[in-house]
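*Asks:* If you scroll down you'll find the structure; I have some questions about it.
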Amino acid sequence: MLATYRRLLGGNPALTRLLAGEFVSGIGDWLYLVALLIVVYAESESALLLGIIGAARILPYVLLSVPAGIVVDRFERRLVLLVTDVGRGLLMLVLAGLVVVDGPIWMIVAASIAAACLSTFFGPAIAALLPELVDESDLAPANGAWATLDSLGYIIGPAVAGFLIAAGGLALAFLLNAVSFAVVAVVLWRLPARSSAAGAAPVEPTPDAASPAGWGQLARPLVGPLVLDAAGSLVLGGLGVLTVVLAVDVLGAGEAATGYLNAATGVGGVVAGIAGGALVARGLGLPLVVGGAVAALGVAWVGFAGSLLTAMLALGIGVAGILLLDVANTTLVQRTVPDAIRGRALGVVQTSSAIFYSAGSLLLPVLATGIGVAPTMVGSAIVLALGTGAALVLSARGMEPSALDPERAAVIRLPIFAGLPPGRLEAVARAMEPLDAPAGQVVVREGAAADRFYVIADGTYAVTQRRAGTERELRRLGPGDVFGEIGLIERSPRTATVTAVSGGRLLALDGAAFLELVGSGPGLGTRLLDLYRGAIGR
């Protein structure tokens with residue numbers, strides 16, 4: 001299990017830097033939230049205003065998640081994260097200043113709502129960015145690593161906040177969160193850009209990302225994930241509120257026990273993240289069954305727990321199962337939704353999650369008061385089991401990662417592409433179109449417009465150039481060689497003619513996708529241009 005994460009993080013420094021930066025930012029977020037609630041209550045002494053703050057953190061996710069997903073699809077995801085993180089960092093500085101000067105409470109509330117609005121971009125952006133950084137087979141461990149770090153942030157952030165608040169450092173809490181955003185901004189700035197090839201204009205978004213037709217493509221792949229997410233969010237939202245009822249009314253352990261129960265949910269999240277990523281990497285069917293069973297059993301057990309320790313154990317198990325389902329569900333969406341509309345898909349899921357989380361927060365406490373905690377928890381377990389079963393039936397096609405055929409797999413291993421983000425390279429390999437090239441066929445003609453990049457899968461090809469009315473052969477190419485790069489990178493007509501000498505096979509990549517690939521790895525454009533200038537031995 002741990003070997004999976006060592007291989008993933010050790011071989012992918014870009015992913016490691018991103019997760020580490022966002023982990024620091026996640027700790028800062030939880031630290032900030034605790035400090036914010038204390039500041040608002042201390043300044044206003046109003047429980048109603050605290051409720052408004054809580055609602056204000058959820059409402060932007062309901063209203064803005066889909067627009068955020070559209071933005072994520074239209075612009076470079078790295079830059080979306082960068083801009084919103086910088087914006088949140090600046091707002092933290094504003095909040096710190098307001099605390100220091102004892103500013104008006106309405107300005108503190110307004111700044112916190114603005115920060116919540118910017119936060120809605122984070123989920124769709126990072127979940128859409130991960131498939132660009134890892135192979136499809138590594139999506140699950142990457143999602144598991146992120147879920148683990150997110151849960152650790154949930155544990156560490158409030159603890160740090162408690163220490164700072166005890167020392168009288170409320171303003172420092174906001175400043176530290178601003179610093180965390182600065183850290184992640186530096187990390188994002190250093191990640192490879194998506195489409196910044198030297199000498200090339202930015203690649204326009206695909207029509208699907210900007211047209212209403214893109215929404216139609218979401219219906220089928222999102223039905224199963226939405227059903228599963230609705231079940232998990234409904235129960236998770238209810239559990240977040242029921243911890244108070246369990247601690248005070250059911251167990252009689254006092255208000256302090258609420259903290260212990262919340263800590264158990266954080267530990268359950270860490271376990272789910274570590275185990276889930278490795279488990280989901282082997283396919284989604286088994287993790288969904290295991291996650292659904294563990295979640296249902298743990299949640300049902302919560303209703304019958306007779307002691308604080310038992311309740312903590314049951315709650316940790318139940319939350320671990322729910323978050324295992326979440327890791328599998330995120331991976332399912334990433335696998336089945338096309339890249340051009342993945343951001344909006346994740347925005348739809350985030351909107352649904354916020355709605356059902358809020359519904360659970362309202363509904364489950366009412367049910368627990370009316371019919372009892374045990375029946376409410378058993379009913380919640382049934383909801384989880386039904387949601388898991390529906391997802392298994394509705395999303396059967398996306399349960400296993402699709403393997404690359406040998407021709408496309410060979411492209412990923414070519415030395416010329418060494419150092420590129422694995423996820424981006426795999427996506428490009430999948431987008432390549434296989435072409436048969438009979439002997440004598442002219443694949444590229446000198447002087448023609450450059451429209452495609454080619455990788456030779458099989459056969460021999462002659463590269464010729466006309467000078468002073470004479471056709472001169474420059475070189476011969478074979479399997480593993482590439483051509484068509486110069487005209488695309490330099491935005492010029494074809495500089496030579498390429499003809500199939502023997503029958504063979506080619507993999508062709510559209511010019512816009514090729515330029516995007518060049519922009520994803522530093523130095524790739526130079527290496528390609530130097531291929532036939534003696535800089536790289538052949």
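In the structure tokens, chains take letters A, B, ... by order of appearance, with residues numbered from 1 within each chain and ligands from 1 in the order shown.
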Report as a list in words all protein, DNA and RNA residues lying within 6 Å of range 218-228 of chain A, evaluated on only C-alpha atoms, omitting residues in the same chain fewer than 6 positions from it.

*Replies:*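 My reading of the contact set: Asn329, Gly387, Thr388, Ala391, Leu394 and Ser395 of chain A.
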
*Asks:* At a cut-off of 9 Å, using only C-alpha atoms, what residues contact range 143-157 of chain A? Leave out same-chain residues fewer than 6 positions from it and give the result as a VMD selection string.

*Replies:* chain A and resid 5 19 to 20 22 to 32 34 127 130 262 to 263 265 to 278 280 323 to 324 326 to 328 330 to 331

*Asks:* Go ahead and compute the interatomic distance for CA of Ser353 in chain A and CA of Leu332 in chain A, in Å to one decimal.

*Replies:*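 Between CA of Ser353 in chain A and CA of Leu332 in chain A the gap is 15.6 Å.
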
*Asks:* Counting only C-alpha atoms, which residue out of A:Gln334, A:Thr460, A:Gln350, A:Thr84 sits closest to Ala182 in chain A?

*Replies:* A:Thr84

*Asks:* Rounded to one decimal, what separation in Å do you get between CA of Leu191 in chain A and CA of Arg424 in chain A?

*Replies:*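 Rounded to one decimal, the two atoms are 12.8 Å apart.
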
*Asks:* Write out as an MDAnalysis selection string each polymer residue whose atoms come within 12 Å of Val100 in chain A, counting only C-alpha atoms; drop sequence neighbours fewer than 5 positions from it.

*Replies:* chainID A and resid 39 93:95 108 168:175

*Asks:* Quick one: residues within 8 Å of Ala449 in chain A, only C-alpha atoms counted, chain neighbours fewer than 5 positions away excluded, as a ChimeraX atom specification?

*Replies:* /A:487,492-494

*Asks:* For Ala185 in chain A, which of A:Pro438, A:Pro479, A:Gly298, A:Gly21 is the closest residue, counting only C-alpha atoms?

*Replies:*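 Answer, going by the shortest atom-to-atom distance: A:Gly21.
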
*Asks:* Range 76-79 of chain A: which residues within 7 Å, counting only C-alpha atoms, same-chain residues fewer than 2 positions away excluded, as a CSV table (one decimal) with all heavy atoms, in the first residue's frame?

*Replies:*
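As written to disk, part_30.csv reads:
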chain,number,residue,atom,x,y,z
A,72,VAL,N,-13.2,26.7,-15.0
A,72,VAL,CA,-12.1,25.7,-15.0
A,72,VAL,C,-11.9,25.1,-16.4
A,72,VAL,O,-10.8,24.8,-16.8
A,72,VAL,CB,-12.4,24.6,-13.9
A,72,VAL,CG1,-11.5,23.5,-14.1
A,72,VAL,CG2,-12.2,25.3,-12.5
A,81,LEU,N,-6.5,28.0,-10.1
A,81,LEU,CA,-6.1,27.8,-8.7
A,81,LEU,C,-5.2,28.9,-8.2
A,81,LEU,O,-5.4,29.4,-7.0
A,81,LEU,CB,-5.4,26.5,-8.5
A,81,LEU,CG,-6.2,25.2,-8.5
A,81,LEU,CD1,-5.3,24.0,-8.6
A,81,LEU,CD2,-7.1,25.1,-7.3
A,82,LEU,N,-4.3,29.3,-9.0
A,82,LEU,CA,-3.3,30.4,-8.6
A,82,LEU,C,-4.1,31.7,-8.3
A,82,LEU,O,-3.8,32.3,-7.2
A,82,LEU,CB,-2.3,30.6,-9.7
A,82,LEU,CG,-1.2,31.7,-9.5
A,82,LEU,CD1,-0.4,31.3,-8.2
A,82,LEU,CD2,-0.3,31.8,-10.7
A,83,VAL,N,-4.9,32.1,-9.2
A,83,VAL,CA,-5.6,33.4,-9.0
A,83,VAL,C,-6.5,33.4,-7.8
A,83,VAL,O,-6.5,34.3,-7.0
A,83,VAL,CB,-6.4,33.7,-10.3
A,83,VAL,CG1,-7.4,34.9,-10.0
A,83,VAL,CG2,-5.5,34.0,-11.4
A,125,ALA,N,-11.3,22.7,-9.8
A,125,ALA,CA,-10.0,23.0,-10.4
A,125,ALA,C,-8.9,21.9,-10.1
A,125,ALA,O,-8.3,21.4,-11.0
A,125,ALA,CB,-9.5,24.4,-10.0
A,129,LEU,N,-7.4,19.1,-12.5
A,129,LEU,CA,-6.0,19.2,-12.8
A,129,LEU,C,-5.2,17.9,-12.5
A,129,LEU,O,-4.3,17.6,-13.3
A,129,LEU,CB,-5.4,20.3,-11.9
A,129,LEU,CG,-3.9,20.6,-12.0
A,129,LEU,CD1,-3.5,21.1,-13.4
A,129,LEU,CD2,-3.4,21.6,-10.9
A,188,LEU,N,2.1,26.5,-7.4
A,188,LEU,CA,1.3,26.5,-8.6
A,188,LEU,C,2.0,27.3,-9.7
A,188,LEU,O,2.0,26.9,-10.9
A,188,LEU,CB,0.0,27.2,-8.3
A,188,LEU,CG,-1.0,26.4,-7.5
A,188,LEU,CD1,-2.2,27.2,-7.0
A,188,LEU,CD2,-1.5,25.2,-8.3
A,194,ARG,N,0.0,24.8,-19.2
A,194,ARG,CA,-0.7,23.8,-20.1
A,194,ARG,C,-0.5,24.1,-21.5
A,194,ARG,O,-0.4,23.2,-22.4
A,194,ARG,CB,-2.2,23.8,-19.7
A,194,ARG,CG,-3.0,22.9,-20.6
A,194,ARG,CD,-4.4,22.7,-20.1
A,194,ARG,NE,-5.0,21.7,-20.9
A,194,ARG,CZ,-6.3,21.2,-20.6
A,194,ARG,NH1,-6.9,21.7,-19.6
A,194,ARG,NH2,-6.8,20.3,-21.4

*Asks:* Counting only C-alpha atoms, which of A:Asn12, A:Gln465, A:Thr499, A:Gln441 gets nearest to Glu132 in chain A?

*Replies:*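 Closest to Glu132 in chain A of all the choices is A:Asn12.
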
*Asks:* Could you please write out, as a PyMOL selection string, every residue of range 339-455 of chain A that DSSP assigns to alpha helix (DSSP H)?

*Replies:* chain A and resi 342-371+373-394+406-412+422-431

*Asks:* Rounded to one decimal place, report the CA of Val40 in chain A-CA of Leu98 in chain A distance in Å.

*Replies:* 11.6 Å
